[in-house]
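Q: Next up, protein14.pdb (PDB, C-alpha atoms).
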```
ATOM      1  CA  MET A   1      88.795 254.052 437.445
ATOM      2  CA  SER A   2      88.768 252.359 434.061
ATOM      3  CA  GLU A   3      86.296 253.420 431.423
ATOM      4  CA  LEU A   4      83.232 251.207 430.926
ATOM      5  CA  LEU A   5      82.590 249.271 427.739
ATOM      6  CA  LEU A   6      79.682 250.588 425.699
ATOM      7  CA  GLY A   7      78.121 247.115 425.449
ATOM      8  CA  GLY A   8      74.478 247.159 424.383
ATOM      9  CA  SER A   9      74.533 250.945 424.142
ATOM     10  CA  ILE A  10      76.974 250.969 421.196
ATOM     11  CA  ASP A  11      74.183 251.785 418.719
ATOM     12  CA  ALA A  12      72.873 254.587 420.926
ATOM     13  CA  GLU A  13      76.395 255.984 421.085
ATOM     14  CA  LEU A  14      76.761 255.802 417.290
ATOM     15  CA  VAL A  15      73.371 257.490 416.876
ATOM     16  CA  SER A  16      74.328 260.176 419.360
ATOM     17  CA  ARG A  17      77.530 260.897 417.425
ATOM     18  CA  ALA A  18      75.627 260.912 414.119
ATOM     19  CA  GLN A  19      73.182 263.393 415.664
ATOM     20  CA  GLN A  20      76.177 265.616 416.373
ATOM     21  CA  GLY A  21      77.122 265.502 412.692
ATOM     22  CA  GLU A  22      79.677 262.695 412.763
ATOM     23  CA  MET A  23      78.716 261.026 409.467
ATOM     24  CA  ILE A  24      81.153 258.130 409.861
ATOM     25  CA  ALA A  25      79.131 256.959 412.881
ATOM     26  CA  PHE A  26      76.010 256.724 410.735
ATOM     27  CA  GLU A  27      78.005 254.893 408.055
ATOM     28  CA  VAL A  28      78.882 252.213 410.595
ATOM     29  CA  LEU A  29      75.183 251.809 411.375
ATOM     30  CA  VAL A  30      74.448 251.433 407.634
ATOM     31  CA  VAL A  31      77.146 248.758 407.257
ATOM     32  CA  LYS A  32      75.902 246.996 410.361
ATOM     33  CA  TYR A  33      72.220 246.892 409.448
ATOM     34  CA  GLN A  34      71.763 247.296 405.682
ATOM     35  CA  ARG A  35      71.724 243.580 404.899
ATOM     36  CA  ARG A  36      69.192 242.780 407.600
ATOM     37  CA  VAL A  37      67.005 245.765 406.670
ATOM     38  CA  ALA A  38      67.046 244.604 403.034
ATOM     39  CA  ALA A  39      66.174 241.044 404.113
ATOM     40  CA  THR A  40      63.238 242.360 406.161
ATOM     41  CA  ILE A  41      61.914 244.350 403.188
ATOM     42  CA  GLN A  42      62.571 241.495 400.740
ATOM     43  CA  ARG A  43      60.303 239.218 402.768
ATOM     44  CA  PHE A  44      57.413 241.595 402.018
ATOM     45  CA  VAL A  45      58.053 242.781 398.464
ATOM     46  CA  ARG A  46      60.022 239.859 396.919
ATOM     47  CA  ASP A  47      61.609 242.071 394.281
ATOM     48  CA  ASP A  48      65.333 242.918 394.273
ATOM     49  CA  ALA A  49      65.049 246.363 392.661
ATOM     50  CA  VAL A  50      62.186 247.474 394.916
ATOM     51  CA  THR A  51      64.014 246.076 397.940
ATOM     52  CA  GLU A  52      67.078 248.160 397.181
ATOM     53  CA  GLU A  53      65.033 251.287 396.517
ATOM     54  CA  LEU A  54      63.100 250.892 399.785
ATOM     55  CA  THR A  55      66.271 250.071 401.746
ATOM     56  CA  GLN A  56      67.802 253.337 400.555
ATOM     57  CA  GLU A  57      64.595 255.174 401.466
ATOM     58  CA  VAL A  58      64.589 253.639 404.940
ATOM     59  CA  PHE A  59      68.130 254.807 405.713
ATOM     60  CA  LEU A  60      67.353 258.241 404.273
ATOM     61  CA  SER A  61      64.237 258.449 406.456
ATOM     62  CA  VAL A  62      66.195 257.337 409.504
ATOM     63  CA  PHE A  63      68.952 259.843 408.808
ATOM     64  CA  THR A  64      66.415 262.649 408.349
ATOM     65  CA  ALA A  65      64.602 261.638 411.543
ATOM     66  CA  LEU A  66      67.781 261.297 413.627
ATOM     67  CA  PRO A  67      67.290 264.613 415.455
ATOM     68  CA  ASN A  68      63.999 263.233 416.844
ATOM     69  CA  PHE A  69      65.427 259.889 417.968
ATOM     70  CA  LYS A  70      65.772 259.604 421.723
ATOM     71  CA  PRO A  71      68.980 257.861 422.783
ATOM     72  CA  ASP A  72      67.097 255.814 425.404
ATOM     73  CA  GLY A  73      65.142 254.029 422.660
ATOM     74  CA  GLU A  74      66.504 250.983 420.877
ATOM     75  CA  PHE A  75      67.872 251.945 417.481
ATOM     76  CA  ALA A  76      67.483 248.516 415.848
ATOM     77  CA  ALA A  77      63.818 248.231 416.860
ATOM     78  CA  TRP A  78      63.155 251.722 415.501
ATOM     79  CA  LEU A  79      65.000 250.952 412.261
ATOM     80  CA  PHE A  80      63.191 247.667 411.595
ATOM     81  CA  THR A  81      59.811 249.254 412.364
ATOM     82  CA  ILE A  82      60.532 251.897 409.729
ATOM     83  CA  ALA A  83      61.642 249.150 407.295
ATOM     84  CA  ARG A  84      58.478 247.101 407.821
ATOM     85  CA  ASN A  85      56.284 250.187 407.492
ATOM     86  CA  ALA A  86      58.036 251.182 404.256
ATOM     87  CA  ALA A  87      57.467 247.708 402.799
ATOM     88  CA  LYS A  88      53.803 247.629 403.865
ATOM     89  CA  SER A  89      53.257 251.117 402.511
ATOM     90  CA  TYR A  90      54.808 250.076 399.189
ATOM     91  CA  LEU A  91      52.533 247.031 398.990
ATOM     92  CA  ARG A  92      49.458 249.160 399.780
ATOM     93  CA  SER A  93      50.304 251.679 397.067
ATOM     94  CA  ALA A  94      51.110 248.876 394.624
ATOM     95  CA  GLN A  95      47.690 247.398 395.402
ATOM     96  CA  ASN A  96      46.042 250.793 394.881
ATOM     97  CA  ARG A  97      47.779 251.192 391.546
ATOM     98  CA  GLN A  98      46.513 247.782 390.483
ATOM     99  CA  ASP A  99      42.994 248.678 391.581
ATOM    100  CA  ASP A 100      43.048 251.918 389.556
ATOM    101  CA  ARG A 101      44.182 250.550 386.224
ATOM    102  CA  PRO A 102      44.817 247.315 384.409
ATOM    103  CA  ALA A 103      48.192 245.839 385.195
ATOM    104  CA  PRO A 104      50.560 246.663 382.320
ATOM    105  CA  ALA A 105      52.632 243.933 380.745
ATOM    106  CA  PRO A 106      56.298 244.219 381.734
ATOM    107  CA  ASP A 107      57.965 246.512 379.240
ATOM    108  CA  ASP A 108      61.596 247.239 378.463
ATOM    109  CA  ALA A 109      61.786 250.156 380.890
ATOM    110  CA  ASP A 110      60.470 247.968 383.688
ATOM    111  CA  LEU A 111      62.978 245.247 382.896
ATOM    112  CA  ASP A 112      65.794 247.786 382.695
ATOM    113  CA  ALA A 113      64.850 249.244 386.070
ATOM    114  CA  ARG A 114      64.965 245.804 387.635
ATOM    115  CA  SER A 115      68.229 244.789 386.039
ATOM    116  CA  GLY A 116      69.998 247.636 387.849
ATOM    117  CA  SER A 117      70.300 245.801 391.120
ATOM    118  CA  ALA A 118      69.210 242.227 390.564
ATOM    119  CA  PRO A 119      72.254 240.033 391.148
ATOM    120  CA  SER A 120      73.893 238.869 387.932
ATOM    121  CA  ALA A 121      74.746 235.205 387.343
ATOM    122  CA  GLU A 122      78.370 236.065 388.144
ATOM    123  CA  GLU A 123      77.382 237.732 391.428
ATOM    124  CA  GLN A 124      75.256 234.734 392.352
ATOM    125  CA  VAL A 125      78.182 232.385 391.768
ATOM    126  CA  MET A 126      80.406 234.694 393.839
ATOM    127  CA  ALA A 127      77.837 234.735 396.617
ATOM    128  CA  GLN A 128      77.666 230.945 396.623
ATOM    129  CA  GLN A 129      81.473 230.732 396.811
ATOM    130  CA  LEU A 130      81.596 233.269 399.586
ATOM    131  CA  PHE A 131      78.976 231.650 401.790
ATOM    132  CA  LYS A 132      80.473 228.224 401.136
ATOM    133  CA  CYS A 133      83.832 229.668 402.220
ATOM    134  CA  ILE A 134      82.259 230.909 405.460
ATOM    135  CA  ASP A 135      80.761 227.471 406.173
ATOM    136  CA  THR A 136      84.092 225.787 405.427
ATOM    137  CA  GLU A 137      85.990 228.178 407.674
ATOM    138  CA  VAL A 138      83.521 227.726 410.518
ATOM    139  CA  ALA A 139      83.896 223.952 410.228
ATOM    140  CA  ALA A 140      87.705 224.292 410.278
ATOM    141  CA  LEU A 141      87.791 226.325 413.514
ATOM    142  CA  PRO A 142      89.124 224.702 416.701
ATOM    143  CA  GLU A 143      86.124 223.189 418.455
ATOM    144  CA  ILE A 144      86.086 225.582 421.412
ATOM    145  CA  GLN A 145      86.183 228.607 419.079
ATOM    146  CA  ARG A 146      83.443 227.166 416.869
ATOM    147  CA  ARG A 147      81.158 226.388 419.810
ATOM    148  CA  ALA A 148      81.646 229.833 421.327
ATOM    149  CA  LEU A 149      81.083 231.576 417.980
ATOM    150  CA  LEU A 150      77.920 229.645 417.146
ATOM    151  CA  MET A 151      76.486 230.208 420.622
ATOM    152  CA  ARG A 152      77.044 233.907 420.121
ATOM    153  CA  GLU A 153      75.962 234.342 416.480
ATOM    154  CA  ILE A 154      73.279 231.690 416.056
ATOM    155  CA  ASP A 155      71.897 231.280 419.572
ATOM    156  CA  GLY A 156      72.380 234.984 420.389
ATOM    157  CA  LEU A 157      73.780 234.221 423.848
ATOM    158  CA  ASP A 158      75.697 236.814 425.829
ATOM    159  CA  TYR A 159      79.324 236.285 426.800
ATOM    160  CA  LYS A 160      78.501 235.470 430.398
ATOM    161  CA  THR A 161      76.071 232.689 429.462
ATOM    162  CA  ILE A 162      78.527 231.244 426.952
ATOM    163  CA  ALA A 163      81.278 231.363 429.569
ATOM    164  CA  THR A 164      79.089 229.486 432.043
ATOM    165  CA  THR A 165      78.118 226.876 429.448
ATOM    166  CA  LEU A 166      81.699 226.313 428.319
ATOM    167  CA  THR A 167      83.066 226.631 431.877
ATOM    168  CA  GLN A 168      85.604 229.201 430.723
ATOM    169  CA  PRO A 169      86.327 232.729 431.957
ATOM    170  CA  VAL A 170      84.388 235.477 430.123
ATOM    171  CA  ASN A 171      87.565 237.047 428.745
ATOM    172  CA  THR A 172      88.683 233.688 427.361
ATOM    173  CA  VAL A 173      85.328 233.274 425.646
ATOM    174  CA  LYS A 174      85.609 236.752 424.132
ATOM    175  CA  SER A 175      89.064 235.884 422.899
ATOM    176  CA  HIS A 176      87.798 232.642 421.288
ATOM    177  CA  ILE A 177      84.976 234.483 419.540
ATOM    178  CA  PHE A 178      87.138 237.361 418.317
ATOM    179  CA  ARG A 179      89.788 234.976 417.001
ATOM    180  CA  ALA A 180      87.168 232.870 415.243
ATOM    181  CA  ARG A 181      85.619 235.909 413.565
ATOM    182  CA  ASP A 182      89.015 237.242 412.523
ATOM    183  CA  ALA A 183      90.017 233.881 411.039
ATOM    184  CA  ILE A 184      86.855 233.717 408.942
ATOM    185  CA  ALA A 185      86.941 237.401 407.957
ATOM    186  CA  ASN A 186      90.564 237.037 406.817
ATOM    187  CA  ARG A 187      89.487 234.345 404.342
ATOM    188  CA  VAL A 188      86.362 236.221 403.252
ATOM    189  CA  ARG A 189      87.943 239.638 402.671
ATOM    190  CA  PRO A 190      89.737 238.751 399.400
ATOM    191  CA  LEU A 191      86.437 237.467 397.995
ATOM    192  CA  LEU A 192      84.611 240.764 398.481
ATOM    193  CA  THR A 193      84.119 242.778 395.318
ATOM    194  CA  PRO A 194      86.540 245.668 395.133
ATOM    195  CA  THR A 195      84.834 248.885 394.055
ATOM    196  CA  ARG A 196      86.937 251.708 392.763
ATOM    197  CA  ASP A 197      86.804 255.058 394.583
ATOM    198  CA  ARG A 198      84.597 253.625 397.265
ATOM    199  CA  ARG A 199      84.159 254.950 400.749
ATOM    200  CA  TRP A 200      83.350 251.499 402.148
TER     201      TRP A 200
ATOM    202  CA  MET S   1      93.421 244.011 418.359
ATOM    203  CA  HIS S   2      90.131 242.473 417.136
ATOM    204  CA  GLU S   3      88.806 246.016 416.960
ATOM    205  CA  SER S   4      86.264 245.413 414.158
ATOM    206  CA  SER S   5      84.747 242.569 416.110
ATOM    207  CA  ARG S   6      84.797 244.619 419.284
ATOM    208  CA  LEU S   7      83.126 247.563 417.541
ATOM    209  CA  LEU S   8      80.266 245.435 416.199
ATOM    210  CA  ASP S   9      79.824 243.788 419.610
ATOM    211  CA  GLY S  10      79.979 247.006 421.620
ATOM    212  CA  GLU S  11      83.170 245.866 423.326
ATOM    213  CA  LEU S  12      84.773 249.309 423.102
ATOM    214  CA  THR S  13      84.899 252.205 425.501
ATOM    215  CA  ALA S  14      83.712 255.632 424.333
ATOM    216  CA  THR S  15      87.341 256.739 424.024
ATOM    217  CA  GLU S  16      88.235 253.705 421.903
ATOM    218  CA  LEU S  17      85.174 254.359 419.727
ATOM    219  CA  THR S  18      86.280 257.950 419.142
ATOM    220  CA  SER S  19      89.697 256.773 418.051
ATOM    221  CA  LEU S  20      88.305 254.025 415.821
ATOM    222  CA  LEU S  21      85.813 256.323 414.085
ATOM    223  CA  GLU S  22      88.579 258.803 413.376
ATOM    224  CA  ARG S  23      90.722 256.063 411.784
ATOM    225  CA  LEU S  24      87.773 254.729 409.805
ATOM    226  CA  LYS S  25      87.588 257.994 407.866
ATOM    227  CA  HIS S  26      90.776 257.159 405.989
ATOM    228  CA  ASP S  27      91.645 253.518 406.733
ATOM    229  CA  ARG S  28      90.272 251.395 403.894
ATOM    230  CA  ALA S  29      91.657 248.143 405.324
ATOM    231  CA  LEU S  30      89.776 248.736 408.555
ATOM    232  CA  ARG S  31      86.560 249.445 406.653
ATOM    233  CA  ASP S  32      87.075 246.236 404.633
ATOM    234  CA  ASP S  33      87.571 244.309 407.839
ATOM    235  CA  ILE S  34      84.364 245.670 409.382
ATOM    236  CA  THR S  35      82.490 244.869 406.158
ATOM    237  CA  ALA S  36      83.832 241.287 406.164
ATOM    238  CA  GLN S  37      83.106 240.805 409.875
ATOM    239  CA  GLN S  38      79.527 242.018 409.454
ATOM    240  CA  LEU S  39      79.055 239.773 406.420
ATOM    241  CA  VAL S  40      80.169 236.771 408.487
ATOM    242  CA  ARG S  41      77.845 237.723 411.337
ATOM    243  CA  ASP S  42      74.878 238.162 408.993
ATOM    244  CA  SER S  43      75.669 234.922 407.196
ATOM    245  CA  LEU S  44      75.816 232.931 410.426
ATOM    246  CA  ALA S  45      72.529 234.540 411.481
ATOM    247  CA  GLY S  46      70.955 233.255 408.256
ATOM    248  CA  VAL S  47      71.003 236.459 406.218
ATOM    249  CA  GLN S  48      73.034 235.311 403.234
ATOM    250  CA  ALA S  49      73.068 238.163 400.740
ATOM    251  CA  LEU S  50      75.956 239.873 399.025
ATOM    252  CA  ASP S  51      76.422 243.581 399.481
ATOM    253  CA  ALA S  52      77.006 244.134 395.720
ATOM    254  CA  GLY S  53      77.538 247.852 396.243
ATOM    255  CA  TYR S  54      74.431 248.291 398.405
ATOM    256  CA  THR S  55      76.210 250.192 401.151
ATOM    257  CA  LEU S  56      77.897 252.466 398.631
ATOM    258  CA  ARG S  57      74.603 253.285 396.948
ATOM    259  CA  ILE S  58      72.872 253.972 400.260
ATOM    260  CA  LEU S  59      75.692 256.289 401.317
ATOM    261  CA  ALA S  60      75.664 257.996 397.899
ATOM    262  CA  ALA S  61      71.914 258.571 398.267
ATOM    263  CA  LEU S  62      72.516 260.035 401.734
ATOM    264  CA  GLU S  63      75.196 262.323 400.358
ATOM    265  CA  ARG S  64      72.910 263.516 397.554
ATOM    266  CA  ALA S  65      70.158 264.156 400.098
ATOM    267  CA  GLN S  66      72.538 266.149 402.294
ATOM    268  CA  LEU S  67      73.580 268.231 399.289
ATOM    269  CA  GLY S  68      69.942 268.738 398.304
ATOM    270  CA  ARG S  69      70.330 266.921 394.988
ATOM    271  CA  PRO S  70      67.661 264.590 393.596
TER     272      PRO S  70
END
```
I'd like the structure from this file rewritten - as C-alpha cells, please.

A:
Amino acid sequence: MSELLLGGSIDAELVSRAQQGEMIAFEVLVVKYQRRVAATIQRFVRDDAVTEELTQEVFLSVFTALPNFKPDGEFAAWLFTIARNAAKSYLRSAQNRQDDRPAPAPDDADLDARSGSAPSAEEQVMAQQLFKCIDTEVAALPEIQRRALLMREIDGLDYKTIATTLTQPVNTVKSHIFRARDAIANRVRPLLTPTRDRRW
Amino acid sequence: MHESSRLLDGELTATELTSLLERLKHDRALRDDITAQQLVRDSLAGVQALDAGYTLRILAALERAQLGRP
C-alpha cells in the first residue's frame, strides 16, 4: 500500500519533528510563516523595528512552548494567536509607559534602534522590482496555469475544487500549479538578496 | 520534482519529508527555492514584504536562546 500524503497535517508533522529536536523542521516553519506573522504584528504596532523584535519574540515563545503543543491542534492558529497577543501586550505596555511619564522626544538612540531593520531606500526599490516581477510572471503564465494558481493562492481553493471548476483531473491541476510556481520562483530567485554565511 | 512546492503544500509523504529535511541541512539551492516559493505564495496572498534577513535574524535569536546567550 502506498504511503499517504501529509496534506493538511504537514505543519503538525513539522512540529512533531521539531519537538523531537529536529531543528531544520522548525526552520521550515519559520520560513513558511515569518512574513505573515510580521504582517499580523505590523497591523497592530505600525513600526518596522518593533515588528521585527516582536516577530523574533513570537518564534522564540513558540519554540520554547513546543513541548506543550498538542499535535492535534492547528499550528498556524496557535502561532497567529501568540502573534496577536504579543502585539496587544506591546501596545498595552506602551500605553502604560505613556501614562507613567511624559512622552520623550525621539532621540538619536531611538532613531538608531529603528534604523536597524527599517527597509532602506535601496531595499524598497528592490522590493518593488521583485513584486513587479512576480506580477509580470503571473501574467505571462499559460492561461490554465494562471487560473489554477490564482484559484489556489488567492481564492484558497483545494485541488479537488479547482479540478472540478477547470474540468481537469486533480493530478493535472497539481501539475499546472507546481509548474506555475516553479516558473515564477525561477525568475524571483536571482533577485533575492544573497547573505554571506547564511543558513537560509 | 517540484519538491519545494510540494513541501509547502503538504504534498509529500512522511518518508519524502524525512529525505527532504535531511537534504535541506546542506543544500543551499533547495533552501533558496523554498524561500522563493514562499515569497511568491505570500505575495499572491497580498503579503508583499521582503525578507531582508528576517529569517536569518529569527534563527540566530533561536540559536542564541538555545545556547543560553542573551

Q: Just give me the gap between CA of Leu59 (chain S) and CA of Met23 (chain A) in Å, one decimal is fine.

A: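 Taking CA of Leu59 (chain S) and CA of Met23 (chain A), their separation equals 9.9 Å.
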
Q: Name the residues that the PyMOL selection byres ((chain S and resi 24) around 12) pulls out of this structure, and write them as JSON, numbers by chain.

A: {"A": [22, 23, 24, 25, 26, 27, 28, 199, 200], "S": [3, 4, 7, 17, 18, 19, 20, 21, 22, 23, 25, 26, 27, 28, 29, 30, 31, 32, 33, 34, 35]}

Q: Up to 6 Å from chain S, what residues of chain A turn up? Count all atoms listed in the file and give them as a list in words.

A: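 Here they are: Leu4, Leu5, Leu6, Gly7, Ile10, Gln56, Ala127, Ile154, Ala185, Arg189 and Trp200 of chain A.
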
Q: Write the residues of the selection above to a file with C-alpha atoms, as a PDB file, keeping the file's coordinate frame.

A:
```
ATOM      1  CA  LEU A   4      83.232 251.207 430.926  1.00  0.00           C
ATOM      2  CA  LEU A   5      82.590 249.271 427.739  1.00  0.00           C
ATOM      3  CA  LEU A   6      79.682 250.588 425.699  1.00  0.00           C
ATOM      4  CA  GLY A   7      78.121 247.115 425.449  1.00  0.00           C
ATOM      5  CA  ILE A  10      76.974 250.969 421.196  1.00  0.00           C
ATOM      6  CA  GLN A  56      67.802 253.337 400.555  1.00  0.00           C
ATOM      7  CA  ALA A 127      77.837 234.735 396.617  1.00  0.00           C
ATOM      8  CA  ILE A 154      73.279 231.690 416.056  1.00  0.00           C
ATOM      9  CA  ALA A 185      86.941 237.401 407.957  1.00  0.00           C
ATOM     10  CA  ARG A 189      87.943 239.638 402.671  1.00  0.00           C
ATOM     11  CA  TRP A 200      83.350 251.499 402.148  1.00  0.00           C
TER      12      TRP A 200
END
```

Q: Enumerate, as a PDB file with C-alpha atoms, keeping the file's coordinate frame, the residues matched when the PyMOL selection byres ((chain A and resi 66) around 10) is run on the file above.

A:
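Generated output (result_0.pdb):
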```
ATOM      1  CA  VAL A  15      73.371 257.490 416.876  1.00  0.00           C
ATOM      2  CA  SER A  16      74.328 260.176 419.360  1.00  0.00           C
ATOM      3  CA  ALA A  18      75.627 260.912 414.119  1.00  0.00           C
ATOM      4  CA  GLN A  19      73.182 263.393 415.664  1.00  0.00           C
ATOM      5  CA  GLN A  20      76.177 265.616 416.373  1.00  0.00           C
ATOM      6  CA  PHE A  26      76.010 256.724 410.735  1.00  0.00           C
ATOM      7  CA  LEU A  60      67.353 258.241 404.273  1.00  0.00           C
ATOM      8  CA  SER A  61      64.237 258.449 406.456  1.00  0.00           C
ATOM      9  CA  VAL A  62      66.195 257.337 409.504  1.00  0.00           C
ATOM     10  CA  PHE A  63      68.952 259.843 408.808  1.00  0.00           C
ATOM     11  CA  THR A  64      66.415 262.649 408.349  1.00  0.00           C
ATOM     12  CA  ALA A  65      64.602 261.638 411.543  1.00  0.00           C
ATOM     13  CA  PRO A  67      67.290 264.613 415.455  1.00  0.00           C
ATOM     14  CA  ASN A  68      63.999 263.233 416.844  1.00  0.00           C
ATOM     15  CA  PHE A  69      65.427 259.889 417.968  1.00  0.00           C
ATOM     16  CA  LYS A  70      65.772 259.604 421.723  1.00  0.00           C
ATOM     17  CA  PRO A  71      68.980 257.861 422.783  1.00  0.00           C
TER      18      PRO A  71
END
```

Q: Quote the spacing between CA of Val138 (chain A) and CA of Ala183 (chain A) in Å to one decimal place.

A: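 Spanning CA of Val138 (chain A) to CA of Ala183 (chain A) is a straight-line distance of 9.0 Å.
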
Q: How many Å lie between CA of Asn171 (chain A) and CA of Pro142 (chain A), rounded to one decimal?

A: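 For CA of Asn171 (chain A) relative to CA of Pro142 (chain A), the distance reads 17.3 Å.
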
Q: Tell me which protein, DNA and RNA residues are within 10 Å of Gln145 (chain A), counting only C-alpha atoms, leaving out same-chain ones fewer than 4 positions away, and put them as a list in words.

A: Val138, Ala140, Leu141, Leu149, Leu150, Met151, Val173, Lys174, Ser175, His176, Ile177, Phe178, Arg179, Ala180 and Arg181 of chain A

Q: Could you add the missing atoms to region 3-18 of chain A, up to N, CA and C atoms, and return them as a PDB file, in the coordinates of the input?

A:
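After the write, out.pdb holds the following:
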```pdb
ATOM      1  N   GLU A   3      87.495 253.021 432.160  1.00  0.00           N
ATOM      2  CA  GLU A   3      86.296 253.420 431.423  1.00  0.00           C
ATOM      3  C   GLU A   3      85.453 252.189 431.105  1.00  0.00           C
ATOM      4  N   LEU A   4      84.118 252.343 431.171  1.00  0.00           N
ATOM      5  CA  LEU A   4      83.232 251.207 430.926  1.00  0.00           C
ATOM      6  C   LEU A   4      83.096 250.915 429.435  1.00  0.00           C
ATOM      7  N   LEU A   5      82.885 249.640 429.127  1.00  0.00           N
ATOM      8  CA  LEU A   5      82.590 249.271 427.739  1.00  0.00           C
ATOM      9  C   LEU A   5      81.188 249.753 427.388  1.00  0.00           C
ATOM     10  N   LEU A   6      80.986 250.081 426.111  1.00  0.00           N
ATOM     11  CA  LEU A   6      79.682 250.588 425.699  1.00  0.00           C
ATOM     12  C   LEU A   6      78.632 249.487 425.705  1.00  0.00           C
ATOM     13  N   GLY A   7      79.045 248.257 425.399  1.00  0.00           N
ATOM     14  CA  GLY A   7      78.121 247.115 425.449  1.00  0.00           C
ATOM     15  C   GLY A   7      76.907 247.342 424.568  1.00  0.00           C
ATOM     16  N   GLY A   8      75.729 247.051 425.140  1.00  0.00           N
ATOM     17  CA  GLY A   8      74.478 247.159 424.383  1.00  0.00           C
ATOM     18  C   GLY A   8      74.138 248.577 423.968  1.00  0.00           C
ATOM     19  N   SER A   9      74.851 249.559 424.501  1.00  0.00           N
ATOM     20  CA  SER A   9      74.533 250.945 424.142  1.00  0.00           C
ATOM     21  C   SER A   9      75.409 251.456 422.997  1.00  0.00           C
ATOM     22  N   ILE A  10      76.099 250.540 422.305  1.00  0.00           N
ATOM     23  CA  ILE A  10      76.974 250.969 421.196  1.00  0.00           C
ATOM     24  C   ILE A  10      76.164 251.671 420.099  1.00  0.00           C
ATOM     25  N   ASP A  11      74.985 251.136 419.766  1.00  0.00           N
ATOM     26  CA  ASP A  11      74.183 251.785 418.719  1.00  0.00           C
ATOM     27  C   ASP A  11      73.740 253.172 419.161  1.00  0.00           C
ATOM     28  N   ALA A  12      73.305 253.276 420.409  1.00  0.00           N
ATOM     29  CA  ALA A  12      72.873 254.587 420.926  1.00  0.00           C
ATOM     30  C   ALA A  12      74.022 255.585 420.856  1.00  0.00           C
ATOM     31  N   GLU A  13      75.219 255.101 421.137  1.00  0.00           N
ATOM     32  CA  GLU A  13      76.395 255.984 421.085  1.00  0.00           C
ATOM     33  C   GLU A  13      76.671 256.406 419.641  1.00  0.00           C
ATOM     34  N   LEU A  14      76.553 255.462 418.703  1.00  0.00           N
ATOM     35  CA  LEU A  14      76.761 255.802 417.290  1.00  0.00           C
ATOM     36  C   LEU A  14      75.690 256.791 416.819  1.00  0.00           C
ATOM     37  N   VAL A  15      74.457 256.565 417.242  1.00  0.00           N
ATOM     38  CA  VAL A  15      73.371 257.490 416.876  1.00  0.00           C
ATOM     39  C   VAL A  15      73.659 258.871 417.444  1.00  0.00           C
ATOM     40  N   SER A  16      74.051 258.903 418.704  1.00  0.00           N
ATOM     41  CA  SER A  16      74.328 260.176 419.360  1.00  0.00           C
ATOM     42  C   SER A  16      75.419 260.949 418.606  1.00  0.00           C
ATOM     43  N   ARG A  17      76.433 260.231 418.165  1.00  0.00           N
ATOM     44  CA  ARG A  17      77.530 260.897 417.425  1.00  0.00           C
ATOM     45  C   ARG A  17      77.043 261.334 416.049  1.00  0.00           C
ATOM     46  N   ALA A  18      76.191 260.516 415.415  1.00  0.00           N
ATOM     47  CA  ALA A  18      75.627 260.912 414.119  1.00  0.00           C
ATOM     48  C   ALA A  18      74.755 262.155 414.285  1.00  0.00           C
TER      49      ALA A  18
END
```
